[in-house]
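Working notes, beginning with the structure itself.
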Amino acid sequence: MNAPLTLSQLQPAPAAPDRYATHVVKNQAAPAAGFNAFGGDVVLNAAIGREAAWVAPAASALGALAGDADVQELARLANKHLPELKTHDRYGNRIDWVEFHPAWHELMALAWKHEVHSLAWNSTAPHPHFARAVQSYLWNQVEHGVGCPTGMAYAAYAGFESEPALKIWAEKVRGTQYEFSRREVAEKSAVVIGYAMTEKQGGSDLRETQTTAVLSHSSDYHGAMAHWYELTGHKWFCSVPQSDGFFTLAKVAGGVTCFFLPRTLPDGSYNRFFIQRLKDKSGNKSNASSEIEYSGTLAIRVGAEGAGLREILSHSHLTRLDFAVGSAGLMRQSLTLALNHCATRTAFGGPLARQPMMANVLADMAVEVEAATLLALRVAKATDYIGRDAQQTAFARAATPMAKFFNCSRAPAVANEALQCHGGNGFIEENPMARIYREAPLNSVWEGAANMMCMDVRRAMRKDPTCRDALLEEIHSVRGQHKLFDAFAAHLAPLVDGMLEDEFLARPASEALARAIQGVELLRHSTPEVVDAFMTTRLGSTPASWGAMFGSMGASVSKAQADIIVDRAQVVR
């Protein structure tokens with residue numbers, strides 16, 4: 001039997017001088033930092049030049065935040081350190097408040113400073129909604145959770161402006177100095193606004209609202225007469241519950257009615273607004289979403305009793321536009337990160353971006369993102385003419401839910417492909433791609449899921465035939481410029497008319513219309529390489545020209561053409 005080893009014999013051999021220098025880190029992608037998301041985006045620059053050149057300095061300032069490493073760290077921290085519900089203070093008093101990491105407040109202050117929420121209402125220059133859409137597009141490449149309160153504040157102004165009792169809120173929602181406090185509206189320079197409409201038994205069907213309201217009293221409220229009601233009920237999904245006030249719905253004698261609910265009442269006391277719990281969401285982690293309870297909660301009636309759905313839908317055009325724009329911005333961020341990774345990492349003897357299959361993938365994504373961007377901005381342009389141009393108003397009525405449906409549904413596919421471009425590195429939380437991947441599906445379910453949007457496209461056309469005519473006229477305006485587009489457009493009118501007769505066709509018709517409007521915008525504003533790739537793959541696709549996955553552009557798109565498209569899409573250089 002061998003003798004047992006002694007302790008000295010078990011000790012490891014003396015370490016070499018480079019014992020812990022196990023490897024040299026090389027061929028990792030360069031960080032996507034130090035760039036300007038506006039300055040490097042040729043599509044966005046051209047769009048601004050056409051419609052609202054005056055906003056270029058503001059867009060450049062905001063675009064710089066997307067590429068700023070310190071701001072990127074704020075976004076990471078805000079999503080790592082989640083909001084916390086504080087129902088009571090240390091003395092046992094009910095406070096119903098939410099605590100955030102300081103990074104969230106820094107991001108909110110930046111968004112408010114750059115007028116992401118208010119530019120459309122603060123500017124008297126041409127096309128303010130278009131300009132504001134560009135700012136929202138850029139902000140959604142900074143941090144997505146803050147995009148919720150900016151979008152709600154943007155839409156809320158339309159509701160405040162029409163109600164005399166809420167004029168003070170119309171003034172304050174345009175403010176640019178973010179303040180996280182519970183001071184009464186008159187004491188604040190700016191406010192944050194939320195919406196609380198969804199109930200668990202109804203979801204998107206707001207007619208199923210069970211919250212009730214009874215008239216409490218009427219009184220002067222900051223110089224105007226306000227009709228106060230007491231609300232009783234439960235809301236299943238209330239985002240940004242720490243807001244200064246909320247638009248909400250309740251039934252008065254059976255009729256769904258719109259109300260505005262201040263968190264702090266005129267005497268400085270806190271309204272009876274009870275946060276039951278925060279939602280543990282798959283994405284949008286930085287932003288608090290909650291269930292809330294009304295029990296004798298005071299709110300101001302907005303509009304007439306029983307007219308709540310009409311009132312709230314007057315805001316929803318703006319929130320839906322913002323989701324279409326925001327999803328396009330999220331797709332642009334996904335593409336930017338994928339392009340940067342593939343351009344700065346080598347494989348098989350050269351840059352990953354120049355490998356044939358990867359070039360196909362990146363070019364395919366770039367075509368999709370440019371088309372989504374132009375679609376969203378076209379709807380934003382139409383929004384600037386609502387009430388002033390009958391054709392543009394009709395176009396916006398049908399095109400807004402169409403764009404919301406299509407862009408929000410395509411964002412997860414783009415994020416998924418961008419993540420695959422990163423490989424395993426894209427799936428870890430240190431990489432922003434993981435956050436984008438979780439975020440991407442959200443916009444498709446907020447403010448109405450895909451079926452609801454397609455139903456609204458159909459409803460708009462059935463209610464007002466000029467909506468159908470405005471869309472088809474837009475499409476026919478570029479006939480004769482590309483044979484594949486013309487062939488596609490020839491099938492649209494029968495498909496749309498079929499949708500009007502049969503709801504079953506609402507989704508294919510809405511998708512076809514979205515692709516057609518994208519084609520119109522590309523024909524007007526893009527390059528021959530992008531136009532030909534789009535028309536061949538999206539509108540004239542056969543199994544040999546395009547498949548179900550990105551990177552499946554067929555022989556009709558050459559490698560050289562793909563390289564040109566990829567170079568055009570580069571932001572980080």
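In the structure tokens, each chain is lettered A, B, ... as it comes, each chain's residues begin at 1, and ligands are numbered from 1 in order of appearance.
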
query = Which of stretch 295-522 of chain A counts as strand (DSSP E) under DSSP, as a list in words please?
reply = Ser295, Gly296, Thr297, Leu298, Ala299, Ile300, Arg301, Val302, Thr346, Ala347, Gly350 and Pro351 of chain A

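Atom CA of A:Leu375 is positioned 12.5 Å from atom CA of A:Ser526.
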
Just list as a PDB file with C-alpha atoms, in the first residue's frame whatever in stretch 219-354 of chain A DSSP marks as alpha helix (DSSP H).
```pdb
ATOM      1  CA  GLY A 308     -67.121  58.517 -22.072  1.00  0.00           C
ATOM      2  CA  LEU A 309     -66.153  56.193 -24.891  1.00  0.00           C
ATOM      3  CA  ARG A 310     -66.351  58.957 -27.478  1.00  0.00           C
ATOM      4  CA  GLU A 311     -64.310  61.234 -25.217  1.00  0.00           C
ATOM      5  CA  ILE A 312     -61.552  58.751 -24.462  1.00  0.00           C
ATOM      6  CA  LEU A 313     -61.308  57.672 -28.102  1.00  0.00           C
ATOM      7  CA  SER A 314     -60.523  61.274 -28.992  1.00  0.00           C
ATOM      8  CA  HIS A 315     -57.286  60.793 -27.025  1.00  0.00           C
ATOM      9  CA  SER A 316     -56.557  57.308 -28.319  1.00  0.00           C
ATOM     10  CA  HIS A 317     -55.622  58.494 -31.796  1.00  0.00           C
ATOM     11  CA  LEU A 318     -52.552  60.131 -30.247  1.00  0.00           C
ATOM     12  CA  THR A 319     -51.593  57.221 -28.017  1.00  0.00           C
ATOM     13  CA  ARG A 320     -51.926  54.793 -30.930  1.00  0.00           C
ATOM     14  CA  LEU A 321     -49.793  57.027 -33.119  1.00  0.00           C
ATOM     15  CA  ASP A 322     -47.216  57.108 -30.348  1.00  0.00           C
ATOM     16  CA  PHE A 323     -47.139  53.309 -30.148  1.00  0.00           C
ATOM     17  CA  ALA A 324     -46.616  53.033 -33.915  1.00  0.00           C
ATOM     18  CA  VAL A 325     -43.802  55.568 -33.691  1.00  0.00           C
ATOM     19  CA  GLY A 326     -42.343  54.002 -30.549  1.00  0.00           C
ATOM     20  CA  SER A 327     -42.241  50.511 -32.050  1.00  0.00           C
ATOM     21  CA  ALA A 328     -40.474  51.898 -35.116  1.00  0.00           C
ATOM     22  CA  GLY A 329     -37.929  53.502 -32.791  1.00  0.00           C
ATOM     23  CA  LEU A 330     -37.472  50.239 -30.928  1.00  0.00           C
ATOM     24  CA  MET A 331     -36.884  48.452 -34.237  1.00  0.00           C
ATOM     25  CA  ARG A 332     -34.345  51.116 -35.185  1.00  0.00           C
ATOM     26  CA  GLN A 333     -32.482  50.570 -31.891  1.00  0.00           C
ATOM     27  CA  SER A 334     -32.489  46.811 -32.474  1.00  0.00           C
ATOM     28  CA  LEU A 335     -31.052  47.333 -35.950  1.00  0.00           C
ATOM     29  CA  THR A 336     -28.453  49.830 -34.717  1.00  0.00           C
ATOM     30  CA  LEU A 337     -27.184  47.379 -32.098  1.00  0.00           C
ATOM     31  CA  ALA A 338     -27.136  44.481 -34.570  1.00  0.00           C
ATOM     32  CA  LEU A 339     -25.276  46.520 -37.184  1.00  0.00           C
ATOM     33  CA  ASN A 340     -22.720  47.711 -34.655  1.00  0.00           C
ATOM     34  CA  HIS A 341     -22.121  44.193 -33.352  1.00  0.00           C
ATOM     35  CA  CYS A 342     -21.733  42.685 -36.804  1.00  0.00           C
ATOM     36  CA  ALA A 343     -19.570  45.509 -38.158  1.00  0.00           C
ATOM     37  CA  THR A 344     -17.077  45.349 -35.267  1.00  0.00           C
TER      38      THR A 344
END
```

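In this structure, atom CA of A:Ala155 sits 13.9 Å away from atom CA of A:Asp384.
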
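Residues with any atom within 7 Å of A:Thr232, counting only C-alpha atoms and excluding same-chain neighbours fewer than 5 positions away, are Thr211, Thr212, Ala213, Tyr294, Ser295, Gly296 and Thr297 of chain A.
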
request  = Mind checking which residues fall within 8 Å of stretch 481-490 of chain A, counting only C-alpha atoms, ignoring those fewer than 6 positions away in the same chain, and posting them as number ranges by chain?
outcome  = A: 475, 516, 519, 523, 535-536, 539-540

query = Which residue, A:Val478, A:Ala32, A:Met455, A:Ala226, has the smallest gap to A:Asp68 when you use only C-alpha atoms?
reply =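 Counting only C-alpha atoms, the residue closest to A:Asp68 is A:Ala32.
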
inquiry  = Could you list, as a ChimeraX atom specification, every residue within 12 Å of A:Ala380, counting only C-alpha atoms and ignoring same-chain residues fewer than 4 positions away?
reply    = /A:47,51-52,120,127-137,317-326,373-376,384-386,392-393,395-397,399-400,403-404

inquiry  = As an exercise, work out the distance from atom CA of A:Ser216 to atom CA of A:Asp89 in Å and give it to one decimal place.
reply    =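 Result for atom CA of A:Ser216 versus atom CA of A:Asp89: 29.2 Å, one decimal.
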
Dump as a Markdown table the rows for residues of stretch 241-310 of chain A within 9 Å of stretch 71-88 of chain A: closest atom pair and distance in Å with one decimal, only C-alpha atoms counted, ordered by chain and rising residue number.
```
| residue | atom | partner | partner_atom | distance |
| --- | --- | --- | --- | --- |
| A:Phe274 | CA | A:Thr87 | CA | 8.1 |
| A:Ile275 | CA | A:Thr87 | CA | 7.1 |
| A:Gln276 | CA | A:Thr87 | CA | 8.3 |
| A:Arg277 | CA | A:Leu85 | CA | 7.1 |
| A:Leu278 | CA | A:Leu85 | CA | 6.7 |
| A:Asn284 | CA | A:Asn79 | CA | 7.7 |
| A:Lys285 | CA | A:Asn79 | CA | 5.3 |
| A:Ser286 | CA | A:Asn79 | CA | 4.4 |
| A:Asn287 | CA | A:Pro83 | CA | 7.1 |
| A:Ala288 | CA | A:Pro83 | CA | 6.0 |
```

How about saving the chosen residues, C-alpha atoms kept, as a PDB file, in the first residue's frame?
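And here's result-v7.pdb as it stands now:
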```pdb
ATOM      1  CA  PHE A 274     -55.517  52.818  -3.462  1.00  0.00           C
ATOM      2  CA  ILE A 275     -52.718  50.931  -5.213  1.00  0.00           C
ATOM      3  CA  GLN A 276     -53.400  47.235  -4.665  1.00  0.00           C
ATOM      4  CA  ARG A 277     -50.211  45.838  -6.187  1.00  0.00           C
ATOM      5  CA  LEU A 278     -47.636  46.454  -8.910  1.00  0.00           C
ATOM      6  CA  ASN A 284     -41.110  47.526 -19.404  1.00  0.00           C
ATOM      7  CA  LYS A 285     -39.520  46.845 -16.025  1.00  0.00           C
ATOM      8  CA  SER A 286     -38.513  50.408 -15.203  1.00  0.00           C
ATOM      9  CA  ASN A 287     -42.090  51.652 -15.402  1.00  0.00           C
ATOM     10  CA  ALA A 288     -44.600  50.907 -12.649  1.00  0.00           C
TER      11      ALA A 288
END
```

note = With distances taken over only C-alpha atoms, the candidate from A:Ala69, A:Leu352, A:Met549, A:Val302 nearest A:Ala29 is A:Leu352

task = Considering only C-alpha atoms, return as an MDAnalysis selection string whatever protein or nucleic-acid residues lie within 8 Å of A:Ser552, sequence-local ones (same chain, fewer than 5 positions apart) excluded.
result = chainID A and resid 360:361 364 545:547

inquiry  = Just want the 7 Å neighbourhood of A:Met453, counted on only C-alpha atoms, with same-chain residues fewer than 3 positions away dropped. Output as a PyMOL selection string.
reply    = chain A and resi 401-402+405+448-450+456-457

Using N, CA and C atoms, can you write the selected residues to a file as a JSON list (two decimals), in the first residue's frame?
```json
[["chain", "number", "residue", "atom", "x", "y", "z"],
["A", 401, "PRO", "N", -54.78, 53.21, -36.56],
["A", 401, "PRO", "CA", -54.82, 51.84, -36.03],
["A", 401, "PRO", "C", -54.11, 50.84, -36.92],
["A", 402, "MET", "N", -54.11, 51.09, -38.24],
["A", 402, "MET", "CA", -53.40, 50.20, -39.16],
["A", 402, "MET", "C", -51.90, 50.21, -38.85],
["A", 405, "PHE", "N", -51.19, 48.56, -35.44],
["A", 405, "PHE", "CA", -51.24, 47.11, -35.59],
["A", 405, "PHE", "C", -49.97, 46.57, -36.22],
["A", 448, "GLY", "N", -55.02, 48.45, -27.05],
["A", 448, "GLY", "CA", -55.72, 47.59, -27.98],
["A", 448, "GLY", "C", -54.78, 46.67, -28.73],
["A", 449, "ALA", "N", -55.01, 45.37, -28.60],
["A", 449, "ALA", "CA", -54.17, 44.38, -29.29],
["A", 449, "ALA", "C", -54.47, 44.38, -30.79],
["A", 450, "ALA", "N", -53.78, 43.50, -31.52],
["A", 450, "ALA", "CA", -53.83, 43.52, -32.98],
["A", 450, "ALA", "C", -55.25, 43.42, -33.52],
["A", 456, "ASP", "N", -60.76, 48.37, -35.72],
["A", 456, "ASP", "CA", -60.94, 49.81, -35.81],
["A", 456, "ASP", "C", -60.68, 50.32, -37.22],
["A", 457, "VAL", "N", -59.73, 49.70, -37.94],
["A", 457, "VAL", "CA", -59.55, 50.04, -39.35],
["A", 457, "VAL", "C", -60.85, 49.79, -40.11]]
```

query = So which one's closest to A:Leu44, A:Phe246, A:Ala460, A:His525, A:Ala304? Using only C-alpha atoms, please.
reply = A:His525

message = I need the residue nearest A:Glu171 from this list: A:Gly203, A:Gly145, A:Ser118, A:Val572. Use only C-alpha atoms for the distance.
response =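 The closest residue to A:Glu171 is A:Ser118.
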